[in-house]
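Take a look at the structure below.
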Amino acid sequence: MRTNLSLLLLLAILMALVPSVLQGGYFVNVAIVVCIYVVLAASLDLVMGWTGMYSFAHAAFLGVGAYTAAILGRDLGTSFWINLPAGTLVAGLFGLLLGLPSLRAQGHFLAIMTIAFQTVVYLILAQWTDFTGGQYGISIDPIEGFGSLSAYFYLVLGVTVVALIVIRLLTGSRFGDALRAVRDDETLARTIGMNTNAIKLIAFAISSSLAGAAGVLSAYHIRGVTPDDYTVMTSASIVTMVVLGGRGRFWGPILGAALLVLLPELLSGLADYKHIFFGALLIAVIIVAPQGLAGTLAQRRAK
Amino acid sequence: MATLFETAKAVALGLSLTALSAPAVHAEQLKLGVLLPLSGSASLAGTSIREGIEFAIKTANEKGGAFGEPVKVFIEDDEGNPTKGVTAVRKLVEQDGVVAISGTYVSAVAAAETKVAREYKVPMVSAGSTSSAVTDANTAGDPWFFRAFPGSVAQGRQTAEDTLNRLKAKKTVVLFENSIYGKSLADQFKKDYEAAGGKILSMESYNPGEKDFYSTLTNVRAQAPDAVYIAGLMDSGAQIIKQSGELGIKIQIVGSGSMMSDKLIELAGPASEGFAVSSMFEPSTPNKHGAEFAKAFRAAYGKDADVYSALGYDSMSTLIEAARRAGKPDGAAIRQQLMKLGDFPLVQGPDGTTAKFDEKGGVAFTIGLAIVRNGKRVWMPFD
Amino acid sequence: MALLPQFLANGVVIGSSYVLVALGLTLIFGILKIVNFAHGEFYVLGGYLAVLGSQLLGFPPLPALVLVIVCMAAFGWGVERFIFLPIGKHDPTNVIIASFGLSILLQNVFLKVAGPEPMIAKSGLPAGAIRLGSVFLTSERIAIVAAAAVTVTVLLVVLRFTWVGLSLRALSENATVARISGINVRRVAVVTFMIGSSLAGLSGALMSSVFMVQPGGGVLVVMKAFIVVVMAGMGSIEGAIVAGLGLGVVEALVTGYLGSEMRDIIGFLIVIAVLAVRPQGLFGLKTERS
């Protein structure tokens, strides 16, 4: 655990050098997107990898966080420093809202239920024009003191590191053991007196609140919110990041998120064929490394 | 990871070196960027617009390019997504070194992209984004986002007047796609149609990609309007026209500009007879410059130019012309010239239409109305 | 109320199309437990094959449909053999991701090969409105209801009286027991996947003359199909009929009386409600996961 955290800090320091070494907003911009998706994938992994529940609704929480910030800023004129905790909190509450009916469903049924929830949230964002701005969305002003891209990047990087440390400490604690117990054998966990429902709800709430924080970060990054960023396709991409990187492992989702954000950028030379290549690559990686990249690496090292 | 960053660093260093070692005395190549949705649902329009843009570049380069060298163009697919779009702008400017951008098609994405492009002092000319909100966001007299055709305000107003005065429809039902494009046109249409004395019976939205309109059209028939105005894209428009034919509805249908397409007539079949569409360009245009473009385009691609290829062509050719006049590949200088382009002819609009951008970056010209007769669109003369 | 018959007719037609798409999925997803996100693209591929057969090759309707079924069966064999078999069923999430990749791949291959413009197949059926009292329909729309009825009947007969059907039902109840009693599980799985793939293509082909074929047209279709299958209960054909028609009628009524913007919201809220009350689906058997 300590090595993981020191490695994380080392990586964060390396990332922090991006703006000075790689002069230019493009790299900083890509680094910001990587950070946001790292938070998303790592927080989804709490539910998917550690607790063994499907969720195709992570982008809904991303959207709830982003819209909370945008609407508070528009109606109450609050600053980023209030909007960030508010977005986190509101997304967490929505997580509980989805978590409650989800307690009864399992496996594929849970997947469909989360897809339904995701779609309903998207449709409300897109259609409740008076409140959410509909397809026009809401525009957001830059944060005072963080107007430059690299300053904002440091802010995003800071939040990312904090989120990852929280996740690491949680999964390394007794709560992490409880999550695993629910994943491995829920009936047994219940038999030995664990309140599995409460554990699942807490996991859902924490996971979605972190997604909400990522949503606030992404809203300030694009300087606005529009519903099309928060669709089931985004959710499916986050699930893909977790699986491709390796579920239930600290580095898995981080690796998966970094890879899936960087890959399209590196593939852009393929122009019209980049999506075809991307799809084929997904299939190939799943066949070759069924436990995700981190899982396969760990296995190889164990041999 | 390490190697990736090293290559990236090398690229970045290379870029800053070229920037240093390229003083203005040398003839420089003009590098322009293009942002369009080339995959996903909006690719239907994006692909057609790209043809127009590429044709403009080809034409310009045959005439010697700019600054004595061929114009170089970098095309990025923004997938109709704001996050991708913002990243793509930075990539075009920093990695590829473009000084001006033609793009994009989806209005919400254009709004996000121009905020970033502006930081780099890179002007953008819309490649299909219609919502007037994007140009209205410009500071008056200091625009960075231009649109070489009338936006949703003028389009909606013109269609409202045409529906009321030319088509003599006093009661209309509005169906609009739930997107900025559809909603901005529908709202404007309602405002001007009612102001001019028409009556809107109902407004109903549908989701992009919707295929079945039977239940919606059943309600339309029950309201017995004189006309139905559709603000949306060609694919849904074709379905609505086809299905209202099947439901035996004989009501004048009026479509927004993106339905100006031969494909729509083919898909909707005989039901498209009498369909009226707001049209900024027709291959049979009385605009001399436009007619030349239509002829050359036909010779090059073996098919007729449509509204998308025409606006793509105008978007890119205004940029190239402004750069030529600026005399150097510099975003701010190109923008200065864009604002003084009042004598440069456009292929869209009636004869004599020019790229006379107003203080908010928009262009005004009369929008025509075309009506399908015997399976062909007939352009009604401009007043 | 005067419009009610037309709304109900619209609902039955759309519901029949949902039933058709869901039949293939209920075999692949419900029985083989393969979550195939690319099912919608199989549907679209069927549509393109129908356009190819009826427009480009000039086939009459029936031979064009045979072409679709044969090609889709072969395609299904390939996908099962080279993608889903190597992944195995041990990990459902990996299957989801692989099919997600396949879905992106196919959508963009369609875009590249067929282009972004929509296409429409010729059904050869008489065009124009058919009026039944106050209800307007077309022969193509009536054909969809008929095709759904025929397909359901054929499928039920196949499942009831052939070796594939018997083995399939044994497999869906208990794979281990089925294997012990001498059923070639592997072969059944391949054949089932091929049938499911053909059914997806067939429904896409039938719908391609009513609605248009577009590269991204499968996304919404697969969502609706999953909803129908899950609401019905995994692998239940009778359930798929009720759930498919039910969803179609509810959507038509919501569109008619509340407006189309409410349609999908209400549809998905019903899904959440049904699953919260009956997690195993309407016709599913309650099984405790071990």
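In the structure tokens, chains take letters A, B, ... by order of appearance, with residues numbered from 1 within each chain and ligands from 1 in the order shown.
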Q. Taking only C-alpha atoms into account, which residues of chain C are within 7 Å of chain B, as a PyMOL selection string?
A. chain C and resi 7+10+116-118+120+128-129+136-138+211+216+252+255-256+259-261
Report as a tab-separated table the residues of chain B within 8 Å of chain A, each with its shortest atom pair and distance in Å (one decimal), using only C-alpha atoms, ordered by chain and increasing residue number.
```
residue	atom	partner	partner_atom	distance
B:Ala8	CA	A:Leu22	CA	7.3
B:Lys9	CA	A:Leu22	CA	5.4
B:Ala12	CA	A:Leu22	CA	6.1
B:Leu13	CA	A:Leu22	CA	7.9
B:Leu38	CA	A:Asp272	CA	7.8
B:Glu76	CA	A:Ala271	CA	7.9
B:Asp77	CA	A:Ala271	CA	7.9
B:Asn81	CA	A:Asp229	CA	6.7
B:Pro82	CA	A:Ile222	CA	7.3
B:Thr83	CA	A:Ile222	CA	6.5
B:Val86	CA	A:Ile222	CA	7.1
B:Thr87	CA	A:Asn29	CA	6.4
B:Arg90	CA	A:Tyr26	CA	4.8
B:Lys91	CA	A:Tyr26	CA	5.4
B:Glu94	CA	A:Tyr26	CA	6.6
B:Gln95	CA	A:Tyr26	CA	7.7
B:Ala108	CA	A:Tyr136	CA	6.4
B:Ala112	CA	A:Ile222	CA	6.7
B:Asn178	CA	A:Gln135	CA	7.3
B:Ser179	CA	A:Gln135	CA	5.5
B:Ile180	CA	A:Gln135	CA	5.5
```
Please produce a file of those selected residues containing C-alpha atoms, as a PDB file, in the first residue's frame.
```pdb
ATOM      1  CA  ALA B   8       5.781  14.236 -27.593  1.00  0.00           C
ATOM      2  CA  LYS B   9       8.524  16.420 -26.230  1.00  0.00           C
ATOM      3  CA  ALA B  12       6.863  20.088 -29.160  1.00  0.00           C
ATOM      4  CA  LEU B  13      10.485  21.166 -29.409  1.00  0.00           C
ATOM      5  CA  LEU B  38     -17.036  12.851 -39.520  1.00  0.00           C
ATOM      6  CA  GLU B  76      -9.924  16.823 -37.409  1.00  0.00           C
ATOM      7  CA  ASP B  77     -13.021  14.815 -36.551  1.00  0.00           C
ATOM      8  CA  ASN B  81     -18.673  16.334 -29.020  1.00  0.00           C
ATOM      9  CA  PRO B  82     -17.521  19.496 -27.181  1.00  0.00           C
ATOM     10  CA  THR B  83     -14.730  17.794 -25.197  1.00  0.00           C
ATOM     11  CA  VAL B  86     -11.806  21.615 -27.557  1.00  0.00           C
ATOM     12  CA  THR B  87      -8.903  19.150 -27.661  1.00  0.00           C
ATOM     13  CA  ARG B  90      -5.546  22.899 -29.434  1.00  0.00           C
ATOM     14  CA  LYS B  91      -4.133  20.116 -31.540  1.00  0.00           C
ATOM     15  CA  GLU B  94      -0.230  23.794 -31.615  1.00  0.00           C
ATOM     16  CA  GLN B  95       0.654  20.564 -33.371  1.00  0.00           C
ATOM     17  CA  ALA B 108     -22.973  23.600 -29.224  1.00  0.00           C
ATOM     18  CA  ALA B 112     -17.051  25.526 -27.113  1.00  0.00           C
ATOM     19  CA  ASN B 178     -34.460  18.351 -29.943  1.00  0.00           C
ATOM     20  CA  SER B 179     -31.098  19.938 -30.780  1.00  0.00           C
ATOM     21  CA  ILE B 180     -29.864  23.508 -30.857  1.00  0.00           C
TER      22      ILE B 180
END
```
Q | Long-range neighbours of B:Arg147 as number ranges by chain, 10 Å cut-off, only C-alpha atoms, 4 positions minimum in chain | A | B: 102-103, 124-132, 134-135, 151, 311, 314-315, 355, 357-358, 360-364
Write the selection just made, keeping all heavy atoms, as a short mmCIF file (atom, residue, chain, number, x, y, z; two decimals), in the first residue's frame?
```cif
data_model
loop_
_atom_site.label_atom_id
_atom_site.label_comp_id
_atom_site.auth_asym_id
_atom_site.auth_seq_id
_atom_site.Cartn_x
_atom_site.Cartn_y
_atom_site.Cartn_z
N SER B 102 -11.88 26.40 -40.29
CA SER B 102 -13.24 26.30 -40.81
C SER B 102 -13.96 25.21 -40.01
O SER B 102 -13.54 24.06 -40.01
CB SER B 102 -13.18 25.93 -42.30
OG SER B 102 -14.42 25.44 -42.72
N GLY B 103 -15.00 25.58 -39.27
CA GLY B 103 -15.71 24.59 -38.45
C GLY B 103 -16.62 25.26 -37.47
O GLY B 103 -16.55 26.44 -37.26
N MET B 124 -12.49 31.59 -36.54
CA MET B 124 -13.19 30.42 -37.09
C MET B 124 -14.31 30.90 -37.99
O MET B 124 -14.97 31.89 -37.71
CB MET B 124 -13.79 29.58 -35.95
CG MET B 124 -12.76 28.76 -35.19
SD MET B 124 -13.49 27.78 -33.85
CE MET B 124 -14.43 26.56 -34.76
N VAL B 125 -14.52 30.15 -39.09
CA VAL B 125 -15.68 30.41 -39.94
C VAL B 125 -16.56 29.17 -39.89
O VAL B 125 -16.08 28.06 -40.17
CB VAL B 125 -15.26 30.71 -41.40
CG1 VAL B 125 -16.50 30.94 -42.24
CG2 VAL B 125 -14.36 31.93 -41.45
N SER B 126 -17.82 29.34 -39.49
CA SER B 126 -18.73 28.22 -39.33
C SER B 126 -18.77 27.32 -40.55
O SER B 126 -18.79 27.78 -41.68
CB SER B 126 -20.14 28.76 -39.06
OG SER B 126 -21.10 27.77 -39.35
N ALA B 127 -18.79 26.01 -40.31
CA ALA B 127 -18.99 25.07 -41.40
C ALA B 127 -20.33 24.39 -41.17
O ALA B 127 -20.41 23.18 -41.00
CB ALA B 127 -17.85 24.07 -41.46
N GLY B 128 -21.38 25.18 -41.10
CA GLY B 128 -22.71 24.60 -41.01
C GLY B 128 -23.45 24.91 -39.72
O GLY B 128 -24.66 24.74 -39.67
N SER B 129 -22.77 25.35 -38.66
CA SER B 129 -23.49 25.63 -37.42
C SER B 129 -24.43 26.80 -37.67
O SER B 129 -24.02 27.84 -38.17
CB SER B 129 -22.52 25.92 -36.29
OG SER B 129 -21.95 27.19 -36.44
N THR B 130 -25.69 26.61 -37.35
CA THR B 130 -26.73 27.56 -37.76
C THR B 130 -27.18 28.49 -36.64
O THR B 130 -27.57 29.62 -36.88
CB THR B 130 -27.94 26.77 -38.29
OG1 THR B 130 -27.53 26.05 -39.44
CG2 THR B 130 -29.09 27.68 -38.67
N SER B 131 -27.11 28.01 -35.40
CA SER B 131 -27.65 28.79 -34.29
C SER B 131 -27.02 30.18 -34.25
O SER B 131 -25.80 30.33 -34.23
CB SER B 131 -27.38 28.07 -32.98
OG SER B 131 -27.65 28.95 -31.91
N SER B 132 -27.88 31.20 -34.20
CA SER B 132 -27.37 32.57 -34.14
C SER B 132 -26.68 32.85 -32.81
O SER B 132 -25.93 33.81 -32.68
CB SER B 132 -28.53 33.56 -34.33
OG SER B 132 -29.10 33.40 -35.60
N VAL B 134 -24.23 31.51 -31.46
CA VAL B 134 -22.76 31.46 -31.48
C VAL B 134 -22.17 32.78 -31.98
O VAL B 134 -21.20 33.28 -31.42
CB VAL B 134 -22.26 30.27 -32.33
CG1 VAL B 134 -20.76 30.09 -32.17
CG2 VAL B 134 -22.98 29.00 -31.95
N THR B 135 -22.77 33.36 -33.02
CA THR B 135 -22.26 34.65 -33.47
C THR B 135 -22.70 35.76 -32.52
O THR B 135 -21.99 36.74 -32.32
CB THR B 135 -22.72 34.99 -34.90
OG1 THR B 135 -24.04 34.50 -35.08
CG2 THR B 135 -21.81 34.38 -35.93
N GLY B 151 -27.95 33.08 -40.00
CA GLY B 151 -28.13 32.15 -38.90
C GLY B 151 -29.59 31.81 -38.66
O GLY B 151 -30.46 32.12 -39.47
N LEU B 311 -22.01 25.51 -48.56
CA LEU B 311 -21.57 26.32 -47.42
C LEU B 311 -20.16 25.94 -46.98
O LEU B 311 -19.41 26.80 -46.49
CB LEU B 311 -22.59 26.24 -46.27
CG LEU B 311 -22.83 24.97 -45.48
CD1 LEU B 311 -21.81 24.82 -44.37
CD2 LEU B 311 -24.22 25.03 -44.87
N ASP B 314 -17.99 27.95 -49.33
CA ASP B 314 -17.93 29.37 -48.94
C ASP B 314 -17.07 29.57 -47.70
O ASP B 314 -16.29 30.52 -47.61
CB ASP B 314 -19.35 29.90 -48.68
CG ASP B 314 -20.01 30.37 -49.97
OD1 ASP B 314 -19.28 30.59 -50.96
OD2 ASP B 314 -21.25 30.49 -49.99
N SER B 315 -17.24 28.66 -46.73
CA SER B 315 -16.49 28.78 -45.48
C SER B 315 -14.99 28.78 -45.75
O SER B 315 -14.25 29.65 -45.28
CB SER B 315 -16.88 27.63 -44.55
OG SER B 315 -16.03 27.58 -43.45
N ALA B 355 -19.45 38.19 -49.07
CA ALA B 355 -19.11 37.85 -47.69
C ALA B 355 -19.02 39.13 -46.86
O ALA B 355 -17.99 39.45 -46.29
CB ALA B 355 -17.81 37.08 -47.64
N PHE B 357 -19.51 40.46 -43.81
CA PHE B 357 -19.77 40.08 -42.42
C PHE B 357 -20.17 41.32 -41.62
O PHE B 357 -19.55 42.38 -41.75
CB PHE B 357 -18.53 39.45 -41.79
CG PHE B 357 -18.18 38.11 -42.37
CD1 PHE B 357 -17.07 37.95 -43.18
CD2 PHE B 357 -18.97 37.00 -42.09
CE1 PHE B 357 -16.75 36.71 -43.72
CE2 PHE B 357 -18.65 35.76 -42.63
CZ PHE B 357 -17.54 35.61 -43.44
N ASP B 358 -21.22 41.19 -40.80
CA ASP B 358 -21.63 42.33 -39.97
C ASP B 358 -20.79 42.36 -38.69
O ASP B 358 -19.87 41.55 -38.51
CB ASP B 358 -23.13 42.30 -39.68
CG ASP B 358 -23.54 41.02 -38.96
OD1 ASP B 358 -22.70 40.45 -38.21
OD2 ASP B 358 -24.69 40.57 -39.13
N LYS B 360 -21.26 41.39 -35.83
CA LYS B 360 -21.31 40.18 -35.00
C LYS B 360 -20.78 38.94 -35.74
O LYS B 360 -20.86 37.82 -35.25
CB LYS B 360 -22.76 39.91 -34.58
CG LYS B 360 -23.30 40.87 -33.53
CD LYS B 360 -22.89 40.44 -32.14
CE LYS B 360 -23.78 41.10 -31.09
NZ LYS B 360 -23.41 40.64 -29.74
N GLY B 361 -20.27 39.16 -36.96
CA GLY B 361 -19.68 38.04 -37.68
C GLY B 361 -20.63 37.27 -38.56
O GLY B 361 -20.26 36.23 -39.11
N GLY B 362 -21.87 37.73 -38.70
CA GLY B 362 -22.83 37.03 -39.56
C GLY B 362 -22.93 37.66 -40.93
O GLY B 362 -22.41 38.75 -41.17
N VAL B 363 -23.58 36.95 -41.85
CA VAL B 363 -23.80 37.49 -43.19
C VAL B 363 -25.30 37.46 -43.45
O VAL B 363 -25.97 36.53 -43.03
CB VAL B 363 -23.05 36.63 -44.24
CG1 VAL B 363 -23.73 36.72 -45.60
CG2 VAL B 363 -21.61 37.06 -44.36
N ALA B 364 -25.82 38.49 -44.09
CA ALA B 364 -27.25 38.50 -44.40
C ALA B 364 -27.46 38.40 -45.89
O ALA B 364 -26.80 39.10 -46.66
CB ALA B 364 -27.88 39.78 -43.86
#
```
(Q) Residues within 9 Å of C:Ile272, please, as a list in words. Count only C-alpha atoms; anything in the same chain fewer than 5 positions from it doesn't count. (A)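 Selected residues are Pro101, Ser102, Ile112, Met113, Thr114, Ala116 and Phe117 of chain A; Val277 of chain C.
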Please produce an output containing C-alpha atoms for each residue in the selection, written as a tab-separated table (two decimals), in the first residue's frame.
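Final output, saved to part13.tsv:
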```tsv
chain	number	residue	atom	x	y	z
A	101	PRO	CA	-33.81	0.13	-6.43
A	102	SER	CA	-30.56	-1.51	-7.50
A	112	ILE	CA	-30.22	-2.69	-17.69
A	113	MET	CA	-31.52	-0.75	-14.70
A	114	THR	CA	-28.46	1.49	-14.66
A	116	ALA	CA	-32.38	3.09	-17.90
A	117	PHE	CA	-31.35	5.49	-15.11
C	277	VAL	CA	-40.66	-4.95	-8.18
```
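Note that the spacing between atom CA of B:Asn374 and atom CA of B:Glu273 amounts to 6.7 Å.
For stretch 220-352 of chain B, a DSSP pass over the backbone yields strand (DSSP E) at Ala227, Val228, Tyr229, Ile230, Ala231, Gln252, Ile253, Val254, Gly255, Ala276, Val277, Ser278 and Ser279 of chain B.
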Those same residues - all heavy atoms - I'd like them written as a PDB file, in the first residue's frame.
```pdb
ATOM      1  N   ALA B 227     -50.331  24.022 -42.571  1.00  0.00           N
ATOM      2  CA  ALA B 227     -48.966  23.609 -42.887  1.00  0.00           C
ATOM      3  C   ALA B 227     -48.301  22.974 -41.673  1.00  0.00           C
ATOM      4  O   ALA B 227     -48.718  23.179 -40.537  1.00  0.00           O
ATOM      5  CB  ALA B 227     -48.141  24.815 -43.353  1.00  0.00           C
ATOM      6  N   VAL B 228     -47.273  22.156 -41.962  1.00  0.00           N
ATOM      7  CA  VAL B 228     -46.413  21.606 -40.916  1.00  0.00           C
ATOM      8  C   VAL B 228     -45.008  22.119 -41.185  1.00  0.00           C
ATOM      9  O   VAL B 228     -44.518  21.997 -42.315  1.00  0.00           O
ATOM     10  CB  VAL B 228     -46.405  20.058 -40.951  1.00  0.00           C
ATOM     11  CG1 VAL B 228     -45.474  19.511 -39.887  1.00  0.00           C
ATOM     12  CG2 VAL B 228     -47.797  19.507 -40.776  1.00  0.00           C
ATOM     13  N   TYR B 229     -44.382  22.737 -40.184  1.00  0.00           N
ATOM     14  CA  TYR B 229     -42.995  23.176 -40.355  1.00  0.00           C
ATOM     15  C   TYR B 229     -42.095  22.202 -39.608  1.00  0.00           C
ATOM     16  O   TYR B 229     -42.288  21.946 -38.425  1.00  0.00           O
ATOM     17  CB  TYR B 229     -42.815  24.594 -39.801  1.00  0.00           C
ATOM     18  CG  TYR B 229     -41.376  25.069 -39.777  1.00  0.00           C
ATOM     19  CD1 TYR B 229     -40.609  25.065 -40.934  1.00  0.00           C
ATOM     20  CD2 TYR B 229     -40.784  25.515 -38.596  1.00  0.00           C
ATOM     21  CE1 TYR B 229     -39.279  25.490 -40.920  1.00  0.00           C
ATOM     22  CE2 TYR B 229     -39.456  25.951 -38.565  1.00  0.00           C
ATOM     23  CZ  TYR B 229     -38.715  25.933 -39.730  1.00  0.00           C
ATOM     24  OH  TYR B 229     -37.403  26.349 -39.715  1.00  0.00           O
ATOM     25  N   ILE B 230     -41.123  21.621 -40.310  1.00  0.00           N
ATOM     26  CA  ILE B 230     -40.178  20.700 -39.671  1.00  0.00           C
ATOM     27  C   ILE B 230     -38.835  21.400 -39.560  1.00  0.00           C
ATOM     28  O   ILE B 230     -38.251  21.796 -40.579  1.00  0.00           O
ATOM     29  CB  ILE B 230     -39.967  19.410 -40.484  1.00  0.00           C
ATOM     30  CG1 ILE B 230     -41.291  18.884 -41.044  1.00  0.00           C
ATOM     31  CG2 ILE B 230     -39.294  18.351 -39.648  1.00  0.00           C
ATOM     32  CD1 ILE B 230     -41.086  17.785 -42.068  1.00  0.00           C
ATOM     33  N   ALA B 231     -38.338  21.545 -38.341  1.00  0.00           N
ATOM     34  CA  ALA B 231     -36.992  22.084 -38.140  1.00  0.00           C
ATOM     35  C   ALA B 231     -36.126  20.923 -37.689  1.00  0.00           C
ATOM     36  O   ALA B 231     -36.190  20.507 -36.537  1.00  0.00           O
ATOM     37  CB  ALA B 231     -37.011  23.187 -37.092  1.00  0.00           C
ATOM     38  N   GLN B 252     -49.577  20.986 -46.539  1.00  0.00           N
ATOM     39  CA  GLN B 252     -48.311  21.565 -46.997  1.00  0.00           C
ATOM     40  C   GLN B 252     -47.219  21.324 -45.947  1.00  0.00           C
ATOM     41  O   GLN B 252     -47.383  21.709 -44.787  1.00  0.00           O
ATOM     42  CB  GLN B 252     -48.493  23.068 -47.214  1.00  0.00           C
ATOM     43  CG  GLN B 252     -47.218  23.813 -47.529  1.00  0.00           C
ATOM     44  CD  GLN B 252     -46.688  23.465 -48.911  1.00  0.00           C
ATOM     45  OE1 GLN B 252     -47.387  23.545 -49.906  1.00  0.00           O
ATOM     46  NE2 GLN B 252     -45.424  23.058 -48.961  1.00  0.00           N
ATOM     47  N   ILE B 253     -46.111  20.700 -46.329  1.00  0.00           N
ATOM     48  CA  ILE B 253     -45.007  20.514 -45.393  1.00  0.00           C
ATOM     49  C   ILE B 253     -43.871  21.460 -45.787  1.00  0.00           C
ATOM     50  O   ILE B 253     -43.534  21.585 -46.970  1.00  0.00           O
ATOM     51  CB  ILE B 253     -44.517  19.050 -45.382  1.00  0.00           C
ATOM     52  CG1 ILE B 253     -45.674  18.122 -44.963  1.00  0.00           C
ATOM     53  CG2 ILE B 253     -43.354  18.876 -44.421  1.00  0.00           C
ATOM     54  CD1 ILE B 253     -45.306  16.667 -44.928  1.00  0.00           C
ATOM     55  N   VAL B 254     -43.318  22.134 -44.791  1.00  0.00           N
ATOM     56  CA  VAL B 254     -42.211  23.061 -45.025  1.00  0.00           C
ATOM     57  C   VAL B 254     -41.023  22.568 -44.207  1.00  0.00           C
ATOM     58  O   VAL B 254     -41.179  22.248 -43.032  1.00  0.00           O
ATOM     59  CB  VAL B 254     -42.581  24.491 -44.565  1.00  0.00           C
ATOM     60  CG1 VAL B 254     -41.511  25.481 -44.982  1.00  0.00           C
ATOM     61  CG2 VAL B 254     -43.931  24.901 -45.116  1.00  0.00           C
ATOM     62  N   GLY B 255     -39.853  22.505 -44.824  1.00  0.00           N
ATOM     63  CA  GLY B 255     -38.691  21.986 -44.118  1.00  0.00           C
ATOM     64  C   GLY B 255     -37.608  23.029 -43.944  1.00  0.00           C
ATOM     65  O   GLY B 255     -37.532  23.996 -44.711  1.00  0.00           O
ATOM     66  N   ALA B 276     -42.010  22.009 -49.487  1.00  0.00           N
ATOM     67  CA  ALA B 276     -41.297  23.270 -49.631  1.00  0.00           C
ATOM     68  C   ALA B 276     -40.121  23.298 -48.670  1.00  0.00           C
ATOM     69  O   ALA B 276     -40.253  22.853 -47.524  1.00  0.00           O
ATOM     70  CB  ALA B 276     -42.228  24.443 -49.341  1.00  0.00           C
ATOM     71  N   VAL B 277     -38.975  23.775 -49.128  1.00  0.00           N
ATOM     72  CA  VAL B 277     -37.800  23.790 -48.256  1.00  0.00           C
ATOM     73  C   VAL B 277     -37.072  25.123 -48.367  1.00  0.00           C
ATOM     74  O   VAL B 277     -36.917  25.679 -49.455  1.00  0.00           O
ATOM     75  CB  VAL B 277     -36.871  22.586 -48.558  1.00  0.00           C
ATOM     76  CG1 VAL B 277     -36.411  22.592 -49.998  1.00  0.00           C
ATOM     77  CG2 VAL B 277     -35.682  22.553 -47.630  1.00  0.00           C
ATOM     78  N   SER B 278     -36.691  25.598 -47.194  1.00  0.00           N
ATOM     79  CA  SER B 278     -35.899  26.816 -47.124  1.00  0.00           C
ATOM     80  C   SER B 278     -34.542  26.515 -47.738  1.00  0.00           C
ATOM     81  O   SER B 278     -33.899  25.546 -47.371  1.00  0.00           O
ATOM     82  CB  SER B 278     -35.770  27.189 -45.651  1.00  0.00           C
ATOM     83  OG  SER B 278     -34.668  28.005 -45.443  1.00  0.00           O
ATOM     84  N   SER B 279     -34.126  27.319 -48.719  1.00  0.00           N
ATOM     85  CA  SER B 279     -32.932  26.930 -49.473  1.00  0.00           C
ATOM     86  C   SER B 279     -31.999  28.106 -49.721  1.00  0.00           C
ATOM     87  O   SER B 279     -32.402  29.121 -50.268  1.00  0.00           O
ATOM     88  CB  SER B 279     -33.369  26.305 -50.798  1.00  0.00           C
ATOM     89  OG  SER B 279     -32.239  25.921 -51.525  1.00  0.00           O
TER      90      SER B 279
END
```
Q | Two-atom distance - atom CA of C:Gly246, atom CA of C:Gln280 (Å) | A | 17.5 Å
(Q) If the cut-off is 8 Å, can you tell me the residues of chain C near chain A, counting only C-alpha atoms? I'd like them as an NGL selection string. (A) :C and (83 or 86-87 or 93-94 or 97-106 or 108-109 or 112 or 226-227 or 230 or 261 or 264-265 or 268-269 or 271-272 or 275-276 or 279-280 or 290)
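When atom CA of A:Ser150 is paired with atom CA of A:Ala59, their separation reads 25.5 Å.
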Q) Contacts of stretch 34-51 of chain C at 7 Å or less, counting only C-alpha atoms, minus same-chain residues fewer than 4 places along, as a PyMOL selection string? A) chain C and resi 28-29+55+64-65+68+95-96+99-100+102-103+106-107+120-121+197+200-205+208+213+217-219+221-222
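Compared by their closest atoms to B:Pro123, and using only C-alpha atoms, the residues B:Ile75, B:Arg335, B:Thr353, B:Phe67 rank with B:Arg335 nearest.
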(Q) Can you pull out the residues contacting B:Lys58? Cut-off 12 Å, using only C-alpha atoms, and skip same-chain residues under 3 positions away; I want them as a list of chain:residue names. (A)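 Near B:Lys58, the qualifying residues are B:Glu51, B:Gly52, B:Ile53, B:Glu54, B:Phe55, B:Asn61, B:Glu62, B:Lys63, B:Gly64, B:Gly65, B:Pro70, B:Val71, B:Lys72, B:Val73, B:Ala296, B:Phe297, B:Ala300, B:Tyr313, B:Met316, B:Ser317, B:Ile320.
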